[in-house]
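Comments concern the structure below.
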Amino acid sequence: MVRYYKGHIVDVDENEAVPSAPPLELMDHVVGYESVSFDAISVPPPFFEAESPDAEISNRDILPNCPQVTEQDARTALLSLVAQHCCYGKDVAKEMAITKINYSSAFHYQLHSFTEKRETSWAYSPYGGGEVDGVENGAPPLPWEIECYPGTLFEDEVKLIPVPHTSSVKSCHRCKGGGSLLCAECHGKGWVRCLSCHGDGWSASTSGYKERCFYCHSSTHGHGRQDCLKCNAKGRVPCPTCDNYGQIQCFIQLTISWKVNSAEHIVERLSLPEDLVKSVSGQVAFEEEAQQVLPIGHFPDETINMASTQIVHAHAQAFSDQKLIRQKQVVRIIPVTEINYRWKNKNNVFYVFGFENRAYAPDYPQKCCCGCTIL
């Protein structure tokens with residue numbers, strides 16, 4: 001379809017640089033959304049009164065007992081570690097003399113804040129007819145007046161919702177309302193030069209005589225020319241922005257994002273790396289969930305109480321443009337055992353940790369090569 005403007009054909013090339021969105025000044029004036037553009041703008045939530053959390057428990061709970069590692073458990077764990085390394089020898093695990101076992105526990109504190117963020121922006125889609133929900137149908141609700149809930153708590157999720165009563169139909173900014181674009185392959189001619197005969201229309205036979213080119217002799221545009229495959233010899237291609245309709249429906253889109261924001265702190269008094277503490281299972285010593293939790297003040301380890309206070313206060317200040325839906329804090333206890341041993345008149349140490357009884361031996365004394373890593 002060709003569009004005419006004041007008696008002249010207005011052709012838009014397929015590769016012509018065009019704005020990524022319609023001009024903002026052409027968008028309708030919508031009360032309550034005056035600052036909306038085609039870039040998403042965060043809308044802070046209105047003030048809301050959070051539920052009052054239960055008062056903190058004043059007494060300090062007794063920590064649950066973790067299973068203790070025996071000498072046999074320690075050897076088995078070390079042999080399992082050796083099996084994961086091609087260059088570790090088994091003699092250490094079989095022959096070592098365990099001299100001392102130190103039992104300890106690591107604490108893994110986590111705070112999860114489940115928040116909701118709302119953003120608005122202009123959006124558009126091809127319009128091929130049908131009902132348009134415009135401002136004539138009523139005043140559009142404000143972003144936080146639209147009811148929408150997450151599918152599951154503490155799971156990241158995004159929903160896109162057209163704001164009611166904000167739709168209008170505009171001419172497509174890509175094709176200027178024509179519905180189609182000039183084919184970039186043939187530049188609107190509907191044909192391209194035949195690559196086989198180089199536009200001559202003839203090709204040489206095996207006997208030396210000229211004959212009509214097999215590839216272009218049936219072209220609707222004449223010899224030496226091949227029909228353009230991209231536009232099916234029409235010279236124009238459908239506009240992808242308006243899907244060949246020539247019109248788009250513009251509306252304000254509400255983007256609602258639910259996100260789990262997590263922070264953690266690990267207390268480990270031996271020499272076990274923190275990433276190993278996080279990688280194994282332990283026992284939940286404390287768990288609390290509320291709309292807004294208070295810092296832990298009664299945990300037997302004072303370091304956890306201090307970390308909880310710092311992290312809870314940090315989260316209270318971190319999400320000013322979001323609504324706090326729910327919070328959850330957990331403290332896990334991970335058993336950590338330090339194994340002191342002697343092998344070939346040298347003292348050394350390794351660690352067994354987690355309910356899986358995984359071993360960590362940073363200075364394993366029997367290696368035949370370097371560069372091995374824990375699998």
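Ordering of the structure tokens sets the chain letters (A, B, ...), residue numbers begin anew at 1 in every chain, and ligands are numbered from 1 in the order given.
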
**Prompt:** segment 154-321 of chain A: which residues are strand (DSSP E or B) by DSSP, as a ChimeraX atom specification?
**Reply:** /A:157-162,168-171,180-182,191-193,202-204,210-212,225-227,236-238,247-267,283-290

**Request:** Just the residues within 8 Å of Val69 of chain A, please, counting only C-alpha atoms, with nothing from its chain fewer than 3 positions along; format it as a ChimeraX atom specification.
**Result:** /A:73-74,337,352

**Asked** What are the DSSP alpha helix (DSSP H) residues of segment 18-257 of chain A, as a list in words?
**Response**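 These are the residues in question: Glu71, Gln72, Asp73, Ala74, Arg75, Thr76, Ala77, Leu78, Leu79, Ser80, Leu81, Val82, Ala83, Asp91, Val92, Ala93, Lys94 and Glu95 of chain A.
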
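Using only C-alpha atoms, the nearest neighbour of His223 of chain A within the list A:Asp321, A:Glu211, A:Glu145, A:Asp39 is A:Glu211.
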
May I have the residues within 8 Å of Gly188 of chain A as a CSV table (one decimal) with N, CA and C atoms, in the first residue's frame, using only C-alpha atoms and disregarding those fewer than 4 positions away in the same chain?
chain,number,residue,atom,x,y,z
A,182,LEU,N,9.3,0.3,1.7
A,182,LEU,CA,10.0,0.0,0.5
A,182,LEU,C,11.0,-1.1,0.7
A,183,CYS,N,11.0,-2.1,-0.1
A,183,CYS,CA,11.9,-3.3,0.1
A,183,CYS,C,13.4,-2.8,0.0
A,184,ALA,N,14.2,-3.2,1.0
A,184,ALA,CA,15.6,-2.7,1.0
A,184,ALA,C,16.4,-3.6,0.0
A,234,LYS,N,7.0,-7.7,-5.2
A,234,LYS,CA,6.0,-6.6,-5.0
A,234,LYS,C,6.7,-5.2,-4.8
A,235,GLY,N,7.9,-5.2,-4.4
A,235,GLY,CA,8.6,-4.0,-4.2
A,235,GLY,C,8.4,-3.4,-2.8
A,236,ARG,N,7.5,-4.0,-2.0
A,236,ARG,CA,7.3,-3.5,-0.7
A,236,ARG,C,7.1,-4.7,0.3

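As for atom CA of Leu229 of chain A and atom CA of Phe214 of chain A, they are spaced 16.7 Å apart.
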
For segment 29-33 of chain A, please output as a CSV table (one decimal) with N, CA, C and O atoms, in the first residue's frame all residues within 12 Å (counting only C-alpha atoms; exclusion window: fewer than 4 positions along the same chain).
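result-v1.csv was written with the following content:
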chain,number,residue,atom,x,y,z
A,24,LEU,N,6.6,11.9,21.5
A,24,LEU,CA,5.9,11.9,22.8
A,24,LEU,C,4.8,13.0,22.8
A,24,LEU,O,3.8,12.9,23.5
A,25,GLU,N,5.0,14.1,22.0
A,25,GLU,CA,4.0,15.1,22.0
A,25,GLU,C,2.7,14.7,21.3
A,25,GLU,O,1.7,15.4,21.5
A,37,SER,N,6.8,8.8,30.0
A,37,SER,CA,7.4,8.8,28.7
A,37,SER,C,7.5,7.3,28.2
A,37,SER,O,6.9,6.4,28.8
A,41,ILE,N,9.3,4.7,34.3
A,41,ILE,CA,9.5,5.6,35.4
A,41,ILE,C,9.0,5.0,36.7
A,41,ILE,O,7.8,4.5,36.7
A,42,SER,N,9.8,4.9,37.7
A,42,SER,CA,9.4,4.2,38.9
A,42,SER,C,8.4,5.1,39.7
A,42,SER,O,8.6,6.4,39.8
A,43,VAL,N,7.3,4.5,40.2
A,43,VAL,CA,6.3,5.3,41.0
A,43,VAL,C,6.4,4.8,42.5
A,43,VAL,O,6.1,3.7,42.8
A,119,GLU,N,6.3,0.5,37.8
A,119,GLU,CA,6.8,1.5,36.9
A,119,GLU,C,5.8,1.7,35.7
A,119,GLU,O,5.0,0.8,35.4
A,120,THR,N,5.7,2.9,35.2
A,120,THR,CA,4.8,3.3,34.1
A,120,THR,C,5.6,3.8,32.9
A,120,THR,O,6.6,4.4,33.1
A,121,SER,N,5.1,3.5,31.7
A,121,SER,CA,5.7,4.0,30.5
A,121,SER,C,4.6,3.9,29.4
A,121,SER,O,3.7,3.1,29.5
A,122,TRP,N,4.8,4.7,28.4
A,122,TRP,CA,3.9,4.6,27.2
A,122,TRP,C,4.4,3.3,26.4
A,122,TRP,O,5.6,3.0,26.4
A,134,GLY,N,-10.4,4.2,25.9
A,134,GLY,CA,-9.8,5.5,26.0
A,134,GLY,C,-10.3,6.3,27.2
A,134,GLY,O,-11.1,5.8,28.0
A,135,VAL,N,-9.9,7.5,27.3
A,135,VAL,CA,-10.2,8.3,28.5
A,135,VAL,C,-11.7,8.6,28.5
A,135,VAL,O,-12.3,9.0,29.6
A,136,GLU,N,-12.4,8.5,27.4
A,136,GLU,CA,-13.8,8.7,27.4
A,136,GLU,C,-14.6,7.7,28.2
A,136,GLU,O,-15.8,7.9,28.5
A,138,GLY,N,-13.7,6.9,31.3
A,138,GLY,CA,-13.6,7.2,32.7
A,138,GLY,C,-12.2,7.6,33.0
A,138,GLY,O,-11.3,7.5,32.2
A,139,ALA,N,-12.0,8.0,34.2
A,139,ALA,CA,-10.7,8.4,34.7
A,139,ALA,C,-9.8,7.2,34.9
A,139,ALA,O,-10.2,6.3,35.6
A,140,PRO,N,-8.6,7.2,34.4
A,140,PRO,CA,-7.7,6.1,34.7
A,140,PRO,C,-7.3,6.0,36.1
A,140,PRO,O,-7.0,7.0,36.8
A,141,PRO,N,-7.2,4.8,36.7
A,141,PRO,CA,-6.8,4.6,38.1
A,141,PRO,C,-5.3,4.9,38.2
A,141,PRO,O,-4.5,4.7,37.2
A,142,LEU,N,-4.8,5.3,39.3
A,142,LEU,CA,-3.4,5.6,39.5
A,142,LEU,C,-2.7,4.3,39.7
A,142,LEU,O,-3.3,3.2,40.0
A,143,PRO,N,-1.3,4.3,39.5
A,143,PRO,CA,-0.6,3.0,39.5
A,143,PRO,C,-0.8,2.1,40.7
A,143,PRO,O,-1.0,0.9,40.5
A,144,TRP,N,-0.8,2.7,41.9
A,144,TRP,CA,-1.0,1.8,43.1
A,144,TRP,C,-2.5,1.6,43.4
A,144,TRP,O,-2.7,0.9,44.4
A,145,GLU,N,-3.4,2.1,42.6
A,145,GLU,CA,-4.8,1.8,42.8
A,145,GLU,C,-5.2,0.5,42.0
A,145,GLU,O,-6.3,0.0,42.2
A,163,VAL,N,-2.8,0.1,31.6
A,163,VAL,CA,-3.6,1.0,32.5
A,163,VAL,C,-5.0,1.2,31.9
A,163,VAL,O,-5.0,1.7,30.7
A,164,PRO,N,-6.1,0.9,32.5
A,164,PRO,CA,-7.4,1.1,32.0
A,164,PRO,C,-7.6,2.6,31.6
A,164,PRO,O,-7.1,3.5,32.2
A,165,HIS,N,-8.4,2.8,30.5
A,165,HIS,CA,-8.8,4.1,30.0
A,165,HIS,C,-7.7,5.0,29.5
A,165,HIS,O,-7.7,6.2,29.6
A,166,THR,N,-6.6,4.4,29.0
A,166,THR,CA,-5.5,5.3,28.5
A,166,THR,C,-5.1,5.0,27.1
A,166,THR,O,-4.2,5.5,26.5
A,167,SER,N,-6.0,4.2,26.4
A,167,SER,CA,-5.6,3.8,25.0
A,167,SER,C,-6.1,4.8,24.0
A,167,SER,O,-7.1,5.5,24.2
A,168,SER,N,-5.4,4.9,22.9
A,168,SER,CA,-5.8,5.7,21.7
A,168,SER,C,-5.1,5.2,20.5
A,168,SER,O,-4.1,4.5,20.6
A,251,PHE,N,-0.9,3.2,24.6
A,251,PHE,CA,-1.5,3.0,26.0
A,251,PHE,C,-0.4,3.1,27.0
A,251,PHE,O,0.8,3.0,26.7
A,252,ILE,N,-0.8,3.4,28.2
A,252,ILE,CA,0.2,3.5,29.3
A,252,ILE,C,0.3,2.1,29.9
A,252,ILE,O,-0.8,1.5,30.2
A,253,GLN,N,1.5,1.6,30.0
A,253,GLN,CA,1.7,0.2,30.5
A,253,GLN,C,2.3,0.3,31.9
A,253,GLN,O,3.2,1.0,32.2
A,254,LEU,N,1.7,-0.5,32.8
A,254,LEU,CA,2.1,-0.6,34.2
A,254,LEU,C,3.0,-1.9,34.3
A,254,LEU,O,2.5,-3.0,34.0

**Computed interatomic separation between atom CA of Gly190 of chain A and atom CA of Ser20 of chain A (Å)** =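 The value is 27.3 Å.
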
**Message:** With only C-alpha atoms as the counted atoms, please give the residues lying no more than 9 Å from His112 of chain A, apart from itself and same-chain residues fewer than 6 positions off, as a count of residues only.
**Reply:** 11

**Asked** Which residue, A:Ile266, A:Leu79, A:Ala21, A:Val192, has the smallest gap to Met96 of chain A when you use only C-alpha atoms?
**Response** A:Leu79

**Message:** Calculated over only C-alpha atoms, which of the candidates A:Lys323, A:His108, A:Lys176, A:Lys100 has the smallest distance to Cys242 of chain A?
**Reply:**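 Answer, going by the shortest atom-to-atom distance: A:Lys176.
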
**Request:** Go through A:Arg75, A:Gln283, A:Tyr109, A:Gln292 one by one, measure the shortest atom-to-atom distance of each to His265 of chain A using only C-alpha atoms, and give the residue with the smallest value.
**Result:** A:Tyr109

**Request:** Enter the distance from atom CA of Lys170 of chain A to atom CA of Pro22 of chain A, in Å, rounded to one decimal.
**Result:**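 Going from atom CA of Lys170 of chain A over to atom CA of Pro22 of chain A, I get 8.7 Å.
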
**Message:** At a cut-off of 12 Å, using only C-alpha atoms, what residues contact Thr152 of chain A? Leave out same-chain residues fewer than 6 positions from it and give the result as number ranges by chain.
**Reply:** A: 114, 158, 258-260, 325-326

**Message:** Need the shell around His313 of chain A: protein/DNA/RNA residues with any atom at most 12 Å away, counting only C-alpha atoms. Skip same-chain ones fewer than 2 positions apart. Format as a VMD selection string?
**Reply:** chain A and resid 111 113 263 292 to 296 306 to 311 315 to 319
